[in-house]
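Heads up, input.cif below (mmCIF, C-alpha atoms):
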```
data_coords
loop_
_atom_site.label_atom_id
_atom_site.label_comp_id
_atom_site.auth_asym_id
_atom_site.auth_seq_id
_atom_site.Cartn_x
_atom_site.Cartn_y
_atom_site.Cartn_z
CA MET A 1 0.00 0.00 0.00
CA SER A 2 1.58 3.28 -1.12
CA SER A 3 -0.97 5.77 0.29
CA HIS A 4 0.45 8.40 2.54
CA PRO A 5 -0.84 8.00 6.12
CA LEU A 6 -1.90 11.66 6.38
CA PHE A 7 -3.85 11.46 3.12
CA ALA A 8 -5.52 8.28 4.32
CA SER A 9 -6.53 9.97 7.60
CA LEU A 10 -8.02 12.96 5.80
CA LEU A 11 -9.91 10.69 3.45
CA ILE A 12 -11.35 8.72 6.38
CA ALA A 13 -12.31 11.92 8.23
CA ALA A 14 -14.00 13.35 5.15
CA THR A 15 -15.92 10.13 4.65
CA LEU A 16 -17.09 10.03 8.25
CA PHE A 17 -18.58 13.52 8.28
CA THR A 18 -20.30 13.84 4.92
CA PRO A 19 -24.01 14.73 5.02
CA ALA A 20 -24.79 11.52 3.17
CA GLN A 21 -23.33 9.53 6.01
CA ALA A 22 -25.43 11.44 8.55
CA GLU A 23 -28.57 10.74 6.55
CA THR A 24 -27.93 7.04 6.52
CA ALA A 25 -27.19 6.82 10.27
CA ARG A 26 -29.56 4.33 11.85
CA ILE A 27 -32.20 5.80 14.17
CA GLN A 28 -34.38 3.84 16.57
CA THR A 29 -37.28 5.45 18.40
CA PHE A 30 -38.96 4.27 21.59
CA SER A 31 -41.89 5.65 23.58
CA LEU A 32 -41.60 6.51 27.24
CA LYS A 33 -44.68 5.68 29.27
CA ALA A 34 -45.70 5.89 32.88
CA PRO A 35 -44.89 2.58 34.57
CA GLY A 36 -47.25 1.08 37.12
CA THR A 37 -49.33 3.62 39.04
CA ALA A 38 -47.17 6.66 38.35
CA SER A 39 -48.65 9.83 36.86
CA SER A 40 -49.94 9.30 33.33
CA ALA A 41 -49.62 12.99 32.37
CA ALA A 42 -45.97 12.52 31.49
CA SER A 43 -44.85 11.13 28.17
CA GLY A 44 -41.83 11.24 25.94
CA GLN A 45 -39.67 9.71 23.31
CA LEU A 46 -36.18 8.23 23.21
CA SER A 47 -34.34 8.31 19.91
CA ILE A 48 -31.07 6.50 19.48
CA ARG A 49 -28.94 7.51 16.54
CA SER A 50 -25.96 5.39 15.56
CA ILE A 51 -23.19 7.80 14.55
CA SER A 52 -20.46 5.21 14.12
CA PRO A 53 -19.70 1.71 15.46
CA GLN A 54 -18.20 3.41 18.52
CA VAL A 55 -20.63 6.29 19.06
CA SER A 56 -24.39 6.56 19.50
CA LEU A 57 -26.49 9.55 20.53
CA SER A 58 -29.47 8.96 22.80
CA VAL A 59 -31.93 11.86 22.99
CA LEU A 60 -34.76 12.00 25.53
CA THR A 61 -37.59 14.40 24.64
CA LEU A 62 -39.97 14.64 27.58
CA ARG A 63 -43.16 16.49 28.45
CA GLY A 64 -45.83 16.49 31.13
CA LEU A 65 -43.30 16.39 33.94
CA THR A 66 -43.37 18.66 37.00
CA PRO A 67 -42.22 22.17 35.89
CA ASN A 68 -38.85 23.50 37.02
CA THR A 69 -37.88 20.21 38.62
CA ALA A 70 -34.59 18.33 38.52
CA TYR A 71 -34.63 14.83 37.04
CA VAL A 72 -32.10 12.10 36.26
CA ALA A 73 -32.34 9.33 33.68
CA HIS A 74 -30.43 6.09 33.24
CA TYR A 75 -30.07 3.10 31.00
CA HIS A 76 -30.66 -0.08 32.99
CA ALA A 77 -29.72 -3.68 32.31
CA LEU A 78 -32.48 -6.29 32.34
CA GLY A 79 -32.99 -7.24 35.99
CA PRO A 80 -34.07 -10.45 37.70
CA ALA A 81 -37.49 -9.32 38.94
CA SER A 82 -39.44 -9.62 35.68
CA SER A 83 -39.17 -10.45 31.99
CA GLU A 84 -40.85 -7.08 31.39
CA PRO A 85 -37.85 -4.73 31.22
CA CYS A 86 -39.46 -1.78 33.03
CA ALA A 87 -40.44 -4.02 35.96
CA SER A 88 -37.23 -6.01 36.08
CA GLN A 89 -35.33 -3.77 38.55
CA GLY A 90 -32.02 -4.05 36.76
CA PRO A 91 -28.84 -2.17 37.65
CA ILE A 92 -27.91 1.15 36.07
CA THR A 93 -25.54 0.71 33.15
CA LEU A 94 -25.24 4.28 31.89
CA GLY A 95 -26.50 7.66 33.11
CA PHE A 96 -27.79 10.65 31.14
CA PRO A 97 -26.57 14.08 32.31
CA SER A 98 -28.87 15.38 35.03
CA PHE A 99 -31.41 17.90 33.74
CA LYS A 100 -34.26 20.20 34.79
CA THR A 101 -37.67 20.69 33.23
CA ASN A 102 -38.73 24.11 31.98
CA ALA A 103 -41.78 26.05 33.14
CA GLN A 104 -43.98 23.88 30.89
CA GLY A 105 -42.69 20.62 32.33
CA GLN A 106 -40.66 19.83 29.22
CA ALA A 107 -37.04 18.76 28.89
CA THR A 108 -34.56 17.42 26.38
CA VAL A 109 -31.36 15.65 27.32
CA THR A 110 -28.70 14.00 25.18
CA LEU A 111 -26.25 11.22 25.99
CA ARG A 112 -23.27 10.37 23.81
CA ALA A 113 -22.08 6.81 24.45
CA ASN A 114 -20.35 3.74 23.13
CA PRO A 115 -23.22 1.50 21.97
CA ALA A 116 -21.45 -1.56 23.39
CA ARG A 117 -22.33 -0.28 26.88
CA ILE A 118 -26.06 -0.42 26.19
CA GLN A 119 -26.20 -3.31 23.76
CA GLY A 120 -28.77 -6.09 24.18
CA THR A 121 -29.84 -6.70 27.76
CA LEU A 122 -27.32 -4.12 29.02
CA GLY A 123 -29.70 -1.47 27.71
CA ALA A 124 -33.00 -3.14 28.45
CA TYR A 125 -34.80 0.02 29.52
CA VAL A 126 -34.44 3.72 30.29
CA ASN A 127 -35.92 5.16 33.47
CA VAL A 128 -36.58 8.84 34.24
CA HIS A 129 -36.37 9.53 37.99
CA THR A 130 -36.92 12.64 40.05
CA ALA A 131 -33.49 13.77 41.25
CA SER A 132 -34.78 14.32 44.79
CA ASP A 133 -36.12 10.79 45.11
CA LEU A 134 -34.85 8.16 42.70
CA LYS A 135 -37.65 5.81 43.69
CA VAL A 136 -40.10 8.10 41.86
CA VAL A 137 -40.04 6.98 38.23
CA PRO A 138 -42.59 8.85 36.14
CA LEU A 139 -41.43 7.45 32.79
CA CYS A 140 -39.83 4.31 31.40
CA ALA A 141 -39.02 3.09 27.91
CA ALA A 142 -38.49 -0.63 27.31
CA LEU A 143 -35.89 -1.21 24.61
CA ILE A 144 -36.03 -4.98 24.39
CA GLY A 145 -38.70 -7.64 24.77
CA ALA A 146 -42.35 -6.67 24.74
CA ALA A 147 -41.90 -3.03 23.83
CA ALA A 148 -41.77 -2.28 20.12
CA PRO A 149 -40.19 0.83 18.65
CA ALA A 150 -42.77 3.59 18.38
CA SER A 151 -42.07 3.91 14.66
CA ALA A 152 -42.68 0.24 13.92
CA SER A 153 -45.88 -1.73 14.18
CA ARG A 154 -44.11 -4.78 15.52
CA ALA A 155 -40.41 -5.41 15.82
CA THR A 156 -38.95 -8.80 15.01
CA THR A 157 -36.69 -9.78 17.86
CA THR A 158 -33.45 -11.53 17.07
CA ARG A 159 -30.66 -12.70 19.30
CA THR A 160 -27.26 -14.16 18.57
CA VAL A 161 -25.35 -16.99 20.22
CA SER A 162 -21.67 -17.39 19.46
CA ILE A 163 -20.26 -20.87 18.90
CA VAL A 164 -16.62 -21.21 19.89
CA ASP A 165 -14.36 -24.20 20.62
CA ASN A 166 -15.98 -25.76 22.67
CA LYS A 167 -18.84 -23.77 24.18
CA PHE A 168 -21.86 -21.65 23.38
CA GLN A 169 -21.77 -18.00 24.45
CA PRO A 170 -23.85 -17.03 26.32
CA ALA A 171 -24.49 -20.37 28.01
CA THR A 172 -27.87 -19.16 29.23
CA LEU A 173 -30.18 -16.84 27.37
CA SER A 174 -33.68 -15.58 28.05
CA VAL A 175 -35.84 -14.50 25.10
CA VAL A 176 -39.49 -13.74 24.52
CA ALA A 177 -41.61 -16.12 22.46
CA GLY A 178 -41.25 -15.39 18.76
CA THR A 179 -37.56 -14.54 19.01
CA THR A 180 -35.30 -15.86 16.30
CA VAL A 181 -31.96 -17.00 17.68
CA THR A 182 -29.03 -17.17 15.28
CA TRP A 183 -26.00 -19.24 16.16
CA VAL A 184 -22.81 -17.91 14.57
CA HIS A 185 -19.79 -20.20 14.36
CA ASN A 186 -16.79 -18.19 15.51
CA GLY A 187 -14.58 -21.18 16.26
CA GLN A 188 -12.32 -23.36 14.16
CA ILE A 189 -13.61 -26.92 14.41
CA THR A 190 -16.91 -28.46 13.33
CA HIS A 191 -19.89 -28.11 15.65
CA ASN A 192 -23.65 -28.44 15.37
CA VAL A 193 -26.74 -27.42 17.33
CA LEU A 194 -29.30 -30.03 18.42
CA SER A 195 -31.90 -30.33 21.14
CA LEU A 196 -33.63 -33.29 22.71
CA ASP A 197 -36.39 -30.89 23.76
CA LEU A 198 -37.14 -29.58 20.26
CA ALA A 199 -36.88 -32.16 17.49
CA ASP A 200 -36.79 -29.52 14.76
CA LEU A 201 -33.93 -27.61 16.37
CA HIS A 202 -31.28 -29.49 14.42
CA SER A 203 -28.57 -27.73 12.47
CA PRO A 204 -26.38 -29.26 9.82
CA ASP A 205 -22.67 -29.42 10.51
CA LEU A 206 -21.43 -25.88 11.05
CA ARG A 207 -17.96 -24.65 10.21
CA SER A 208 -16.24 -21.36 10.89
CA GLY A 209 -18.41 -18.49 9.66
CA ASP A 210 -21.56 -20.61 9.24
CA LYS A 211 -24.88 -19.51 10.77
CA TYR A 212 -28.00 -21.37 11.85
CA SER A 213 -31.28 -19.78 12.98
CA TYR A 214 -34.29 -21.08 14.87
CA THR A 215 -37.43 -19.26 16.01
CA PHE A 216 -38.64 -20.11 19.51
CA LYS A 217 -42.43 -19.96 19.58
CA VAL A 218 -43.46 -21.70 22.80
CA PRO A 219 -42.44 -20.58 26.31
CA GLY A 220 -40.29 -23.05 28.19
CA THR A 221 -36.70 -23.93 28.99
CA TYR A 222 -34.78 -25.65 26.24
CA THR A 223 -31.36 -27.28 26.43
CA TYR A 224 -29.35 -27.64 23.26
CA TYR A 225 -25.96 -29.14 22.60
CA CYS A 226 -23.22 -29.93 20.12
CA ALA A 227 -23.27 -33.61 19.16
CA TYR A 228 -19.57 -33.57 18.39
CA HIS A 229 -18.51 -32.43 21.82
CA GLU A 230 -20.22 -34.04 24.79
CA GLY A 231 -20.65 -31.47 27.55
CA MET A 232 -20.89 -28.56 25.12
CA SER A 233 -24.42 -27.49 25.91
CA ALA A 234 -26.41 -24.41 26.82
CA THR A 235 -29.94 -23.32 27.71
CA ILE A 236 -32.49 -20.92 26.28
CA THR A 237 -35.47 -19.85 28.36
CA VAL A 238 -38.42 -18.61 26.32
CA THR A 239 -40.85 -16.35 28.16
CA SER A 240 -44.31 -15.14 27.16
CA ARG A 241 -44.58 -11.89 25.29
CA MET B 242 -24.04 -57.81 34.89
CA PHE B 243 -24.75 -59.42 31.57
CA VAL B 244 -22.21 -58.91 28.85
CA TYR B 245 -23.38 -59.63 25.36
CA LYS B 246 -20.51 -60.37 23.02
CA ILE B 247 -21.90 -60.56 19.56
CA GLY B 248 -19.87 -60.32 16.39
CA LEU B 249 -21.80 -58.03 14.14
CA GLY B 250 -24.33 -57.12 16.74
CA ILE B 251 -27.83 -57.76 15.36
CA ALA B 252 -29.17 -58.71 18.77
CA THR B 253 -27.26 -55.98 20.54
CA ALA B 254 -28.43 -53.52 17.97
CA ALA B 255 -31.96 -54.35 18.96
CA LEU B 256 -31.02 -53.85 22.62
CA LEU B 257 -29.68 -50.36 22.21
CA GLY B 258 -31.97 -49.42 19.40
CA SER B 259 -35.08 -50.28 21.31
CA CYS B 260 -33.86 -48.72 24.56
CA SER B 261 -34.31 -52.11 26.21
CA MET B 262 -30.84 -52.21 27.72
CA MET B 263 -31.52 -52.45 31.43
CA MET B 264 -29.60 -50.42 33.95
CA GLY B 265 -26.08 -51.77 34.35
CA GLN B 266 -26.34 -54.04 31.31
CA SER B 267 -23.68 -53.77 28.66
CA ALA B 268 -23.72 -54.30 24.94
CA THR B 269 -20.59 -54.96 22.91
CA TYR B 270 -20.13 -53.99 19.27
CA THR B 271 -17.22 -55.04 17.10
CA PHE B 272 -15.48 -52.69 14.71
CA LYS B 273 -15.04 -53.81 11.11
CA HIS B 274 -12.60 -52.38 8.63
CA ASN B 275 -13.99 -50.18 5.92
CA ALA B 276 -13.05 -50.63 2.26
CA ASN B 277 -10.01 -48.41 2.34
CA THR B 278 -6.30 -48.72 2.97
CA ALA B 279 -6.12 -46.66 6.15
CA ASP B 280 -4.72 -48.54 9.15
CA PRO B 281 -5.20 -52.00 7.56
CA SER B 282 -4.74 -53.83 10.87
CA ALA B 283 -7.14 -51.64 12.84
CA SER B 284 -9.78 -53.41 14.93
CA GLY B 285 -11.53 -53.03 18.24
CA LYS B 286 -14.75 -53.06 20.16
CA ALA B 287 -17.20 -50.70 21.76
CA VAL B 288 -18.81 -51.55 25.09
CA ALA B 289 -21.91 -49.55 25.95
CA THR B 290 -23.21 -49.65 29.52
CA ARG B 291 -26.42 -47.99 30.57
CA GLN B 292 -26.64 -46.17 33.90
CA GLY B 293 -30.09 -44.69 34.34
CA SER B 294 -30.74 -42.26 31.51
CA MET B 295 -27.05 -42.18 30.59
CA VAL B 296 -24.98 -44.52 28.47
CA SER B 297 -21.24 -44.87 28.97
CA THR B 298 -19.43 -46.19 25.91
CA THR B 299 -15.78 -47.28 25.88
CA LEU B 300 -13.86 -47.92 22.69
CA THR B 301 -10.87 -50.27 22.90
CA LEU B 302 -8.89 -50.10 19.69
CA SER B 303 -5.70 -51.59 18.24
CA GLY B 304 -3.82 -51.54 14.97
CA LEU B 305 -4.01 -47.78 14.69
CA THR B 306 -1.13 -45.64 13.45
CA PRO B 307 1.16 -45.13 16.47
CA ASN B 308 0.96 -41.68 18.05
CA LYS B 309 -1.70 -40.52 15.60
CA ALA B 310 -4.69 -38.40 16.68
CA TYR B 311 -8.19 -39.78 16.09
CA ILE B 312 -11.79 -38.76 16.66
CA ALA B 313 -14.82 -41.05 17.00
CA HIS B 314 -18.56 -40.46 16.93
CA TYR B 315 -21.92 -42.14 17.18
CA HIS B 316 -23.86 -41.48 13.99
CA ALA B 317 -27.55 -41.63 13.17
CA PHE B 318 -28.76 -43.91 10.40
CA GLY B 319 -28.18 -41.88 7.26
CA PRO B 320 -29.95 -41.58 3.94
CA GLU B 321 -27.62 -43.66 1.77
CA SER B 322 -28.53 -47.15 3.05
CA ASN B 323 -31.40 -48.83 4.91
CA THR B 324 -29.49 -51.97 5.82
CA ASP B 325 -25.83 -51.02 6.20
CA PRO B 326 -25.47 -48.31 8.82
CA CYS B 327 -21.74 -47.89 8.17
CA ALA B 328 -22.52 -47.00 4.55
CA SER B 329 -25.49 -44.78 5.34
CA ASN B 330 -23.57 -41.50 5.86
CA GLY B 331 -25.61 -40.30 8.83
CA PRO B 332 -25.01 -37.19 10.93
CA VAL B 333 -23.01 -37.21 14.15
CA THR B 334 -25.18 -37.62 17.25
CA LEU B 335 -22.62 -38.10 20.04
CA GLY B 336 -18.90 -37.40 19.98
CA PHE B 337 -16.14 -39.11 21.90
CA PRO B 338 -13.31 -36.98 23.26
CA SER B 339 -10.47 -36.79 20.76
CA PHE B 340 -7.69 -39.26 21.50
CA THR B 341 -4.25 -40.37 20.33
CA ALA B 342 -3.01 -43.90 19.69
CA ASP B 343 -0.07 -44.94 21.83
CA ALA B 344 3.35 -45.96 20.50
CA ASN B 345 1.96 -49.45 19.79
CA GLY B 346 -1.18 -48.29 17.99
CA TYR B 347 -3.51 -48.95 20.91
CA ALA B 348 -6.11 -46.51 22.21
CA SER B 349 -9.04 -46.39 24.58
CA VAL B 350 -11.59 -43.64 24.95
CA THR B 351 -14.87 -43.27 26.84
CA VAL B 352 -17.85 -40.98 26.51
CA SER B 353 -20.92 -40.80 28.72
CA GLY B 354 -23.98 -39.25 27.13
CA ASP B 355 -27.74 -39.04 27.42
CA MET B 356 -29.36 -42.24 26.13
CA ALA B 357 -31.87 -40.15 24.18
CA LYS B 358 -29.07 -38.79 21.99
CA ILE B 359 -28.33 -42.25 20.56
CA ALA B 360 -31.68 -44.02 20.93
CA GLY B 361 -33.01 -45.94 17.94
CA ASP B 362 -31.79 -44.68 14.59
CA GLN B 363 -29.89 -41.91 16.37
CA GLY B 364 -27.18 -44.38 17.39
CA ALA B 365 -26.83 -46.60 14.31
CA TYR B 366 -23.03 -46.87 14.17
CA ILE B 367 -19.73 -45.63 15.55
CA ASN B 368 -17.00 -44.34 13.24
CA VAL B 369 -13.33 -43.82 14.06
CA HIS B 370 -11.84 -41.03 11.94
CA TYR B 371 -8.40 -39.52 11.47
CA ALA B 372 -8.47 -36.23 13.39
CA SER B 373 -6.39 -34.65 10.64
CA ASP B 374 -8.90 -35.72 7.95
CA PRO B 375 -12.32 -36.87 9.20
CA SER B 376 -13.15 -38.17 5.73
CA ILE B 377 -10.73 -41.04 6.39
CA VAL B 378 -12.57 -43.66 8.46
CA PRO B 379 -10.50 -46.81 9.01
CA ILE B 380 -13.07 -48.69 11.09
CA CYS B 381 -16.78 -48.65 11.87
CA ALA B 382 -18.89 -50.51 14.44
CA PRO B 383 -22.44 -51.17 13.23
CA ILE B 384 -25.06 -51.04 15.98
CA LYS B 385 -28.48 -50.94 14.33
CA MET B 386 -28.66 -52.98 11.14
CA THR B 387 -32.04 -51.86 9.83
CA LYS B 388 -33.34 -48.34 9.52
CA GLY B 389 -36.57 -47.45 11.25
#
```

As structure tokens, what does this structure read like?
Amino acid sequence: MSSHPLFASLLIAATLFTPAQAETARIQTFSLKAPGTASSAASGQLSIRSISPQVSLSVLTLRGLTPNTAYVAHYHALGPASSEPCASQGPITLGFPSFKTNAQGQATVTLRANPARIQGTLGAYVNVHTASDLKVVPLCAALIGAAAPASASRATTTRTVSIVDNKFQPATLSVVAGTTVTWVHNGQITHNVLSLDLADLHSPDLRSGDKYSYTFKVPGTYTYYCAYHEGMSATITVTSR
Amino acid sequence: MFVYKIGLGIATAALLGSCSMMMGQSATYTFKHNANTADPSASGKAVATRQGSMVSTTLTLSGLTPNKAYIAHYHAFGPESNTDPCASNGPVTLGFPSFTADANGYASVTVSGDMAKIAGDQGAYINVHYASDPSIVPICAPIKMTKG
């Protein structure tokens, strides 16, 4: 390669910041709703824009909150208390800057983050709390599971399991019914995916780079394994929508 | 403990294939050489012993290439024959740990797996392959002689 390093850097920078690139950035939108018995006057929207593989912008646009009041908002991981993200009581994984509503009870707050920190179940839901009492949660947006993006009528949920030598990662996975799980072979030697619990979950021999998908329709706990390597097994729990 | 020593294993095939092997009973299957030139003196046996819902199977092999790495698997009855499991080209249903022949060409390897993985047509035969080239299969032990 004979390109000068400086020229290559400028070319990359120019490519990253062209308007065309901004237009094609992926945007997901989710509705914030009042969880449980909290006030139903509040509402809002979370939009997540993917700027690059390393950067995403999360923007909360809120209304109907108490005027001139300080709030905080966080991404939460899926917790153990429920399969419904907003009721699962998961730990905070990333915080928005603290913010204050205006005289009309409206607020906008932006978080710039590495998407890896809120990927999958690490970013299961976003809670908006009052800063004075974090237990007061007027709004929540579920990002995985039962909640569909506000802009889509119904999202198709997909999850990925990595096959390596000789284990499945993750070894346990919880999905909602209707989820399509795709196994991706990231190892070197031949493996397959079979289950005694589901006769039709039966992949052909998989080699490095191969993929196999299966849609789980019925709630239950299913163990699957690699026939080549006794002891190489894992579990998927399918919950109701 | 009953030990059934049967040459080509029609009766023992019925035992394992029909899940009628009682707890603690063993079934023995004899390896035959395939029509190839790999390890011409290779031979051996497989002894399968049921313990509850699990089956422990031990391969005792000789005549292998000294110090060579091998792999072995149970296979399901495949699509290419209804009466010769070793020629049926079925998918792997249970794998043995990989192993290496000793300096005299002997090897022994054991796997314990769920009986359901190799019940009926799912456990029709056991192949011993070269680890370096699984398409080379010196010996095969037929277990279930008829498909279905």

Dump as a PyMOL selection string all residues having an atom at most 7 Å from (-42.9, 14.5, 32.1), computed in the file's coordinates with only C-alpha atoms. chain A and resi 41-43+62-66+105-106+138

So which residues touch range 322-331 of chain B within 9 Å, counting only C-alpha atoms, skipping near sequence neighbours fewer than 4 positions away, as a ChimeraX atom specification? /B:275,316-318,363,365-368,381-389

Can you spit out the residues from that selection as an mmCIF file, in the frame of the given file, using C-alpha atoms?
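Result file is out07.cif:
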```cif
data_model
loop_
_atom_site.group_PDB
_atom_site.id
_atom_site.type_symbol
_atom_site.label_atom_id
_atom_site.label_comp_id
_atom_site.auth_asym_id
_atom_site.auth_seq_id
_atom_site.Cartn_x
_atom_site.Cartn_y
_atom_site.Cartn_z
ATOM 1 C CA ASN B 275 -13.990 -50.180 5.920
ATOM 2 C CA HIS B 316 -23.860 -41.480 13.990
ATOM 3 C CA ALA B 317 -27.550 -41.630 13.170
ATOM 4 C CA PHE B 318 -28.760 -43.910 10.400
ATOM 5 C CA GLN B 363 -29.890 -41.910 16.370
ATOM 6 C CA ALA B 365 -26.830 -46.600 14.310
ATOM 7 C CA TYR B 366 -23.030 -46.870 14.170
ATOM 8 C CA ILE B 367 -19.730 -45.630 15.550
ATOM 9 C CA ASN B 368 -17.000 -44.340 13.240
ATOM 10 C CA CYS B 381 -16.780 -48.650 11.870
ATOM 11 C CA ALA B 382 -18.890 -50.510 14.440
ATOM 12 C CA PRO B 383 -22.440 -51.170 13.230
ATOM 13 C CA ILE B 384 -25.060 -51.040 15.980
ATOM 14 C CA LYS B 385 -28.480 -50.940 14.330
ATOM 15 C CA MET B 386 -28.660 -52.980 11.140
ATOM 16 C CA THR B 387 -32.040 -51.860 9.830
ATOM 17 C CA LYS B 388 -33.340 -48.340 9.520
ATOM 18 C CA GLY B 389 -36.570 -47.450 11.250
#
```

Name every residue that the PyMOL selection byres ((chain B) within 10 of (chain A)) selects in this structure, writing the answer as a compact mmCIF listing (two decimals) with C-alpha atoms, in the coordinates of the input with chains first and numbers rising.
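Result saved to expr.txt:
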```txt
# COMPACT_ATOMS: atom_id res chain seq x y z
CA ILE B 312 -11.79 -38.76 16.66
CA ALA B 313 -14.82 -41.05 17.00
CA HIS B 314 -18.56 -40.46 16.93
CA TYR B 315 -21.92 -42.14 17.18
CA HIS B 316 -23.86 -41.48 13.99
CA PRO B 332 -25.01 -37.19 10.93
CA VAL B 333 -23.01 -37.21 14.15
CA THR B 334 -25.18 -37.62 17.25
CA LEU B 335 -22.62 -38.10 20.04
CA GLY B 336 -18.90 -37.40 19.98
CA PHE B 337 -16.14 -39.11 21.90
CA PRO B 338 -13.31 -36.98 23.26
CA SER B 339 -10.47 -36.79 20.76
CA VAL B 352 -17.85 -40.98 26.51
CA SER B 353 -20.92 -40.80 28.72
CA GLY B 354 -23.98 -39.25 27.13
CA ASP B 355 -27.74 -39.04 27.42
CA ALA B 357 -31.87 -40.15 24.18
CA LYS B 358 -29.07 -38.79 21.99
```

Can you spell out as a PyMOL selection string the set of residues that the PyMOL selection byres ((chain B and resi 279) around 10) selects in the structure I just provided? chain B and resi 274-278+280-283+305-306+370-371+377-380

Give me, please, the distance in Å between CA of Thr93 in chain A and CA of His76 in chain A, quoted to one decimal. 5.2 Å

Quick one: pull the distance between CA of Ala268 in chain B and CA of Ala287 in chain B, Å, one decimal.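 Separation of CA of Ala268 in chain B and CA of Ala287 in chain B: 8.1 Å.
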
Can you give me, as a ChimeraX atom specification, the residues this file yields under the PyMOL selection byres ((chain A and resi 69) around 6)? /A:66-68,70,100-101

Quick one: pull the distance between CA of Val238 in chain A and CA of Ser31 in chain A, Å, one decimal.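 Straight-line distance from CA of Val238 in chain A to CA of Ser31 in chain A works out to 24.7 Å.
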
Pick the closest to Leu60 in chain A from A:Gly209, A:Gly44, A:Gly220, A:Gly145: which is it, counting only C-alpha atoms? A:Gly44

Nearest residue to Ala348 in chain B from the set B:Leu302, B:Ala310, B:Met295, B:Val288 (distances using all atoms listed in the file):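 Of B:Leu302, B:Ala310, B:Met295, B:Val288, the one nearest Ala348 in chain B, counting all atoms listed in the file, is B:Leu302.
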
Exercise on range 112-130 of chain A, axis-aligned box with 8 Å per side, report centre and edge lengths in Å to one decimal, as JSON:
```
{"center_x": -28.6, "center_y": 3.0, "center_z": 31.0, "size_x": 32.6, "size_y": 35.3, "size_z": 34.1}
```
